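Below is one structure, written out as structure tokens; comments come after it.
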Amino acid sequence: MQVGLARAGPIIKMAESWKPTETKDCCAIWPQIVARFNWMRFEEAPEFSTMRVILIEGHSYRVNYCPSCGAKVRDVVILRERVMQAAEKDLLIETILNLNGEA
Ligand SMILES: [Zn+2]
């Protein structure tokens, strides 16, 4: 049975174990905001990344839920390549916004 197969292919996953794996995005907004989070590399699997704790003035913060759909994203594992692609796109969007803002 092939029902529910994602068109874009597997991307991220809420980790069920320490082992990096991948699955679909939690929502349509997620791929657009992925680059905004801090990702760190897995030592055992450098091709995968996970979210890091953000340290601000002695306090540590972490993103537990997707700001758009509310899915648990704390333990999300994502292909590093995917993070880089999102970052490139993010940079491009910011450039376009900046250019529009200046006009
Ligand atoms: Zn989401």
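Ordered as shown in the structure tokens, chains take letters A, B, and onward, while each chain numbers its residues from 1 and ligands are numbered from 1 in the order shown.
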Considering only C-alpha atoms and all ligand atoms, give me a table of residues in chain A that are at most 10 Å from ligand 1, with the closest atom pair and distance in Å for each, as a tab-separated table.
residue	atom	partner	partner_atom_place_in_ligand_line	distance
A:Asp25	CA	ligand 1	1 (Zn)	7.0
A:Cys26	CA	ligand 1	1 (Zn)	4.3
A:Cys27	CA	ligand 1	1 (Zn)	4.1
A:Ala28	CA	ligand 1	1 (Zn)	6.9
A:Ile29	CA	ligand 1	1 (Zn)	6.1
A:Trp30	CA	ligand 1	1 (Zn)	5.0
A:Pro31	CA	ligand 1	1 (Zn)	8.6
A:Ile33	CA	ligand 1	1 (Zn)	9.3
A:Val34	CA	ligand 1	1 (Zn)	9.9
A:Tyr65	CA	ligand 1	1 (Zn)	7.9
A:Cys66	CA	ligand 1	1 (Zn)	4.7
A:Pro67	CA	ligand 1	1 (Zn)	6.7
A:Ser68	CA	ligand 1	1 (Zn)	5.1
A:Cys69	CA	ligand 1	1 (Zn)	4.1
A:Gly70	CA	ligand 1	1 (Zn)	6.0
A:Ala71	CA	ligand 1	1 (Zn)	5.5
A:Lys72	CA	ligand 1	1 (Zn)	8.3
A:Val73	CA	ligand 1	1 (Zn)	8.1
For the contact check between segment 47-68 of chain A and segment 79-100 of chain A, emit one row per residue of segment 47-68 of chain A within 12 Å, containing the shortest atom pair and the distance in Å rounded to one decimal, counting only C-alpha atoms, chain then rising number order, as a tab-separated table.
residue	atom	partner	partner_atom	distance
A:Glu47	CA	A:Arg80	CA	5.3
A:Phe48	CA	A:Leu79	CA	4.5
A:Ser49	CA	A:Arg80	CA	5.5
A:Thr50	CA	A:Leu79	CA	8.8
A:Met51	CA	A:Val83	CA	10.9
Selected residues, N, CA and C atoms, written as a compact mmCIF listing (two decimals), in the first residue's frame, please.
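After the write, selection-v8.txt holds the following:
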# COMPACT_ATOMS: atom_id res chain seq x y z
N GLU A 47 26.16 13.71 9.28
CA GLU A 47 25.25 14.16 8.22
C GLU A 47 23.91 14.62 8.80
N PHE A 48 23.69 14.35 10.09
CA PHE A 48 22.46 14.76 10.74
C PHE A 48 22.71 15.85 11.77
N SER A 49 21.70 16.68 11.99
CA SER A 49 21.79 17.72 13.01
C SER A 49 20.58 17.65 13.93
N THR A 50 20.74 18.20 15.13
CA THR A 50 19.64 18.33 16.05
C THR A 50 19.69 19.72 16.67
N MET A 51 18.59 20.16 17.28
CA MET A 51 18.55 21.51 17.83
C MET A 51 19.38 21.62 19.10
query = Looking at only C-alpha atoms, which of A:Lys24, A:Asp75, A:His59, A:Lys19 is the one that sits closest to Glu43 of chain A?
reply =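 So, comparing all the options, the nearest one is A:Lys19.
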